[in-house]
Structure formats: C-alpha cells, structure tokens
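Data block below; observations after.
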Amino acid sequence: MDTMRDRFAPVVSRLLDEDPRVAVVLAEIGKDGFAEALRRHPDRVINVGIREQLLVGSAAGLALTGLRPVVHTFASFLVERPFEQVKLDFGHQDTGAVLVSASASFDWPAGGYTHMAPGDVALLDTLDGWTVHVPGHPDEAETLLRRAVAAGDDKVYVRLSVQANRQGLAVDGEHFRTVREGRAGVVVAVGPVLDAVLAATQDLDVTVLYATTVRPLDAAGLRRATEAAGTDVVLVEPYLAGTSTAAVSEALADVPHRVLALGVGRRELRRYGTIEEHVAAHGLDARSLRERIGGFVGVGRASVRA
C-alpha cells in the first residue's frame, strides 16, 4: 500500500492542472515528487530551499494575491520552526493556506528529535480559526486534501503519517464516524490509531468514534454518542496526549464527565529505535491501550453501580 505522502504529490499535481489558483510551496523536502508539475507549471511550483520561515511567508504572500497555496515539509519544520510566521503571516493578515506535513510525531526515528513533532496540533490550538485534518489512510488523505484545497481561503492543516490503518473509511472533513456502539463509555480514535483502538476494545462494551478532523471538534457527534454510552470519554490521539481534552470538556460542559487522554508522552525518547518501539513506549499499541481503556471504563461502571 502506498503511504499518505506517496499520495500527496500526485493528488496536488492534478489539482495544479485543474485549478489555476493552486500553487505549491516547498522547502527542498518533497521536491522530487513535483518535478513534472514544475515543468508544467513553473510559475506555481516554488522551492524556496531550506528556509522554513520564508516557506510560510512566501505562501502567505501568494495567498494575498488570490492564489491557494499548498505548503509542504516535515511537521517540525512546518509548524514549530516557523510558528511566528504561521501566527502573523496567516492569522494576523487574515489569509489562509493548506499546510501539509509529513513525519508526524515520530515517523522517522533515525532523524532524531529535530524531525519529531508530537506537539504540532497543540501548538496550532493556540491560534484561532485553523481546521485540522488527521487522516488514517491514504484514501482519506486524498479526500481531505481535496477538501482542504477547495476550502476557499481557510487556514487548514493536513497531518500526514506513514502510520496507517489497514482500510480507509468514508470521511467528510467534519464529523466523527461511529465504527462501534456500546454502553460503557466512548473512545475517540484519531486517524492512524483506529486499528489499535479497535483491537484493544474488541471485548469492551464501548462506543468507538473515528475522528479524521479534530478542529473544529465534532461536539454534536460526541454528545450524541455520550447520550447512549455515558460520559466516560477516552481520547486516543497520535500526537501529544491531552491535546483535545479541553475541546471534549467544552463539548460536555453542562454534564458531569470524565476524560482519559492517551497519546504521545512529553518525555523525549533519546534511543530513537523504530516506529513500533515508539508506539509501544508511548502506550499506543493495542495491548497497552487495552489495559488503560479497560481500567478506565471498568472504574466508571463500578462507580455507577455503587
């Protein structure tokens, strides 16, 4: 199966052909995938070199001229390093673009901590008006990329990962998808953690919601699920643990609820190893999730009975 990033360049190259507003801005990373597009559209495929602040600033300038820029590099170089430019050049100037990242939280462990970005979504949460898509499969990535580019002048972040679920699902860029129904709690699985969550909860009486768009959070969908399954909510996110806790609490502000936030821990793992080792170390493998989720919803049932 191809990866989300494998799908990225062909999809956006077709969009360049279809829509004269679309432009691509790169900082060396990913340029080979756009070699043919550059020949066809030399004025709308721009490589600024290893200059991430310029990457964002140039994209914002293109947006101010009426173009729809798609901006791509590793997440740590797209959100973290040029964050001031993201904040000012897009937010302060009231313009938008599609930021498309690669490498996710720890997709390239050999690259070291400079190439890891578990805090990217949390950092964007400090800004107003960003839509955040976290696909869990290349098919979903294509759907959400097309939606993002078509979204007028909105500010959109699409978080790509080499980690993926075995099967893509139909996603609409707005709502949670219910993949399992239960009565003892709600588990929200974000993007590529769905398969592990389903394996972890196969013998638990819980509702599993699948989220590929986390900002804005589907508050109405979460509320509907909790009406049937109760207000014990487990968040399983492939980035910094607790990133969406405030959004969940806001959605359920008028009802008593509990939230267990699972995701990437804050402690830096300095022996970089493999992706699978990072998944296990952060407790995002099926076995670890089963222990944490089972313990949480089990306590919830005991409290209700008491």
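Chain labels run A, B, ... following the order of the structure tokens; each chain numbers its residues from 1, and ligands are numbered from 1 in the order shown.
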Fewer than 6 positions away in the same chain doesn't count, so skip those; otherwise give me all residues within 8 Å of Glu80 of chain A, counting only C-alpha atoms, as an MDAnalysis selection string. chainID A and resid 117 120 123
Per-residue nearest contacts segment 116-177 of chain A to segment 241-255 of chain A, cut-off 9 Å, using only C-alpha atoms, as JSON lines:
```
{"residue": "A:Pro118", "atom": "CA", "partner": "A:Ala241", "partner_atom": "CA", "distance": 8.7}
{"residue": "A:Gly119", "atom": "CA", "partner": "A:Thr243", "partner_atom": "CA", "distance": 8.3}
{"residue": "A:Val121", "atom": "CA", "partner": "A:Thr243", "partner_atom": "CA", "distance": 7.2}
{"residue": "A:Ala122", "atom": "CA", "partner": "A:Thr243", "partner_atom": "CA", "distance": 5.4}
{"residue": "A:Asp125", "atom": "CA", "partner": "A:Thr243", "partner_atom": "CA", "distance": 8.3}
```
Please build the interface table for segment 40-107 of chain A against segment 17-30 of chain A with a cut-off of 8 Å, listing for each qualifying residue the nearest atom pair and the distance in Å to one decimal; count only C-alpha atoms, order rows by chain and increasing number, and write it as JSON lines.
```
{"residue": "A:Arg44", "atom": "CA", "partner": "A:Ala23", "partner_atom": "CA", "distance": 4.6}
{"residue": "A:Val45", "atom": "CA", "partner": "A:Val24", "partner_atom": "CA", "distance": 4.8}
{"residue": "A:Ile46", "atom": "CA", "partner": "A:Val25", "partner_atom": "CA", "distance": 4.9}
{"residue": "A:Asn47", "atom": "CA", "partner": "A:Leu26", "partner_atom": "CA", "distance": 4.6}
{"residue": "A:Val48", "atom": "CA", "partner": "A:Ala27", "partner_atom": "CA", "distance": 5.2}
{"residue": "A:Gly49", "atom": "CA", "partner": "A:Ala27", "partner_atom": "CA", "distance": 4.6}
{"residue": "A:Ile50", "atom": "CA", "partner": "A:Ala27", "partner_atom": "CA", "distance": 5.1}
{"residue": "A:Arg51", "atom": "CA", "partner": "A:Ala27", "partner_atom": "CA", "distance": 6.3}
{"residue": "A:Glu52", "atom": "CA", "partner": "A:Ala27", "partner_atom": "CA", "distance": 6.5}
{"residue": "A:Leu55", "atom": "CA", "partner": "A:Ala27", "partner_atom": "CA", "distance": 6.3}
{"residue": "A:Ser58", "atom": "CA", "partner": "A:Val25", "partner_atom": "CA", "distance": 7.8}
{"residue": "A:Ala59", "atom": "CA", "partner": "A:Val25", "partner_atom": "CA", "distance": 6.4}
{"residue": "A:Gly66", "atom": "CA", "partner": "A:Arg21", "partner_atom": "CA", "distance": 7.1}
{"residue": "A:Leu67", "atom": "CA", "partner": "A:Arg21", "partner_atom": "CA", "distance": 4.6}
{"residue": "A:Arg68", "atom": "CA", "partner": "A:Val22", "partner_atom": "CA", "distance": 4.7}
{"residue": "A:Pro69", "atom": "CA", "partner": "A:Ala23", "partner_atom": "CA", "distance": 4.6}
{"residue": "A:Val70", "atom": "CA", "partner": "A:Val24", "partner_atom": "CA", "distance": 4.8}
{"residue": "A:Val71", "atom": "CA", "partner": "A:Val25", "partner_atom": "CA", "distance": 4.9}
{"residue": "A:His72", "atom": "CA", "partner": "A:Leu26", "partner_atom": "CA", "distance": 5.5}
{"residue": "A:Thr73", "atom": "CA", "partner": "A:Ile29", "partner_atom": "CA", "distance": 5.7}
{"residue": "A:Phe74", "atom": "CA", "partner": "A:Ile29", "partner_atom": "CA", "distance": 7.6}
```
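Residue neighbourhood of segment 204-211 of chain A, excluding near-sequence residues (fewer than 6 positions): A:Val134, A:His175, A:Phe176, A:Arg177, A:Thr178, A:Val179, A:Arg180, A:Glu181, A:Gly182, A:Arg183, A:Ala184, A:Gly185, A:Val186, A:Val187, A:Val188, A:Ala189, A:Val190, A:Gly191, A:Leu194, A:Leu198, A:Ala225, A:Ala229, A:Gly294, at 8 Å, using only C-alpha atoms.
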Spatial neighbours of Glu140 of chain A, 12 Å, only C-alpha atoms, chain gap at least 2 places, as an MDAnalysis selection string: chainID A and resid 3:5 7:8 133:138 142:147 158:161 164:173 191:192 211:213
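With distances restricted to only C-alpha atoms, A:Arg267 is the closest residue to Ala281 of chain A from A:Arg267, A:Trp108, A:Thr226, A:Thr131.
Going from atom CA of Ile293 of chain A over to atom CA of Ser101 of chain A, you cover 29.5 Å.
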Helix (DSSP H, G or I) per DSSP on the backbone: members of segment 34-188 of chain A, as an NGL selection string
:A and (34-40 or 52-64 or 75-80 or 83-92 or 109-111 or 113-115 or 120-124 or 138-149)
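When atom CA of Pro238 of chain A is paired with atom CA of Gly265 of chain A, their separation reads 10.2 Å.
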As a list of chain:residue names, which residues of segment 245-278 of chain A does DSSP assign to strand (DSSP E)?
A:Arg258, A:Val259, A:Leu260, A:Ala261, A:Leu262, A:Gly263, A:Val264
Using the selection just defined, write its residues with N, CA, C and O atoms as a JSON list (two decimals), in the first residue's frame.
```
[["chain", "number", "residue", "atom", "x", "y", "z"],
["A", 258, "ARG", "N", -15.96, 12.36, 32.61],
["A", 258, "ARG", "CA", -14.54, 12.06, 32.87],
["A", 258, "ARG", "C", -13.85, 11.88, 31.53],
["A", 258, "ARG", "O", -14.44, 11.37, 30.59],
["A", 259, "VAL", "N", -12.58, 12.28, 31.50],
["A", 259, "VAL", "CA", -11.81, 12.14, 30.26],
["A", 259, "VAL", "C", -10.47, 11.49, 30.59],
["A", 259, "VAL", "O", -9.76, 11.93, 31.50],
["A", 260, "LEU", "N", -10.14, 10.45, 29.85],
["A", 260, "LEU", "CA", -8.81, 9.83, 29.89],
["A", 260, "LEU", "C", -8.12, 10.17, 28.58],
["A", 260, "LEU", "O", -8.60, 9.82, 27.50],
["A", 261, "ALA", "N", -6.99, 10.88, 28.67],
["A", 261, "ALA", "CA", -6.28, 11.32, 27.48],
["A", 261, "ALA", "C", -5.04, 10.46, 27.25],
["A", 261, "ALA", "O", -4.12, 10.45, 28.07],
["A", 262, "LEU", "N", -5.04, 9.74, 26.13],
["A", 262, "LEU", "CA", -3.91, 8.89, 25.76],
["A", 262, "LEU", "C", -3.29, 9.43, 24.47],
["A", 262, "LEU", "O", -4.00, 9.89, 23.57],
["A", 263, "GLY", "N", -1.97, 9.36, 24.40],
["A", 263, "GLY", "CA", -1.27, 9.85, 23.23],
["A", 263, "GLY", "C", 0.22, 9.81, 23.46],
["A", 263, "GLY", "O", 0.72, 9.04, 24.29],
["A", 264, "VAL", "N", 0.94, 10.65, 22.76],
["A", 264, "VAL", "CA", 2.40, 10.70, 22.88],
["A", 264, "VAL", "C", 2.77, 11.45, 24.15],
["A", 264, "VAL", "O", 2.27, 12.56, 24.40]]
```
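Computed from the coordinates, the atom CA of Leu222 of chain A to atom CA of Glu291 of chain A distance equals 23.1 Å.
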Which residues are near Gly111 of chain A? Cut-off 12 Å, only C-alpha atoms, ignore same chain within fewer than 3 positions. Put them as a PyMOL selection string. chain A and resi 74+76+103+105-108+114-117+270-275
Since we have the selection now, will you write its residues out, keeping C-alpha atoms, as an mmCIF file, in the first residue's frame?
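Saved as out33.cif:
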```
data_model
loop_
_atom_site.group_PDB
_atom_site.id
_atom_site.type_symbol
_atom_site.label_atom_id
_atom_site.label_comp_id
_atom_site.auth_asym_id
_atom_site.auth_seq_id
_atom_site.Cartn_x
_atom_site.Cartn_y
_atom_site.Cartn_z
ATOM 1 C CA PHE A 74 8.122 17.877 7.788
ATOM 2 C CA SER A 76 8.625 20.109 12.851
ATOM 3 C CA SER A 103 6.867 12.758 9.538
ATOM 4 C CA SER A 105 5.104 12.546 15.750
ATOM 5 C CA PHE A 106 7.928 10.060 15.165
ATOM 6 C CA ASP A 107 7.653 8.665 11.634
ATOM 7 C CA TRP A 108 11.398 8.924 11.032
ATOM 8 C CA THR A 114 14.583 17.564 15.333
ATOM 9 C CA HIS A 115 12.340 15.611 12.948
ATOM 10 C CA MET A 116 9.642 14.759 15.502
ATOM 11 C CA ALA A 117 6.615 16.954 16.173
ATOM 12 C CA ARG A 270 16.560 9.532 23.152
ATOM 13 C CA ARG A 271 17.162 5.999 21.849
ATOM 14 C CA TYR A 272 15.244 6.516 18.690
ATOM 15 C CA GLY A 273 14.714 2.902 17.593
ATOM 16 C CA THR A 274 11.785 2.127 15.304
ATOM 17 C CA ILE A 275 8.271 3.479 14.865
#
```
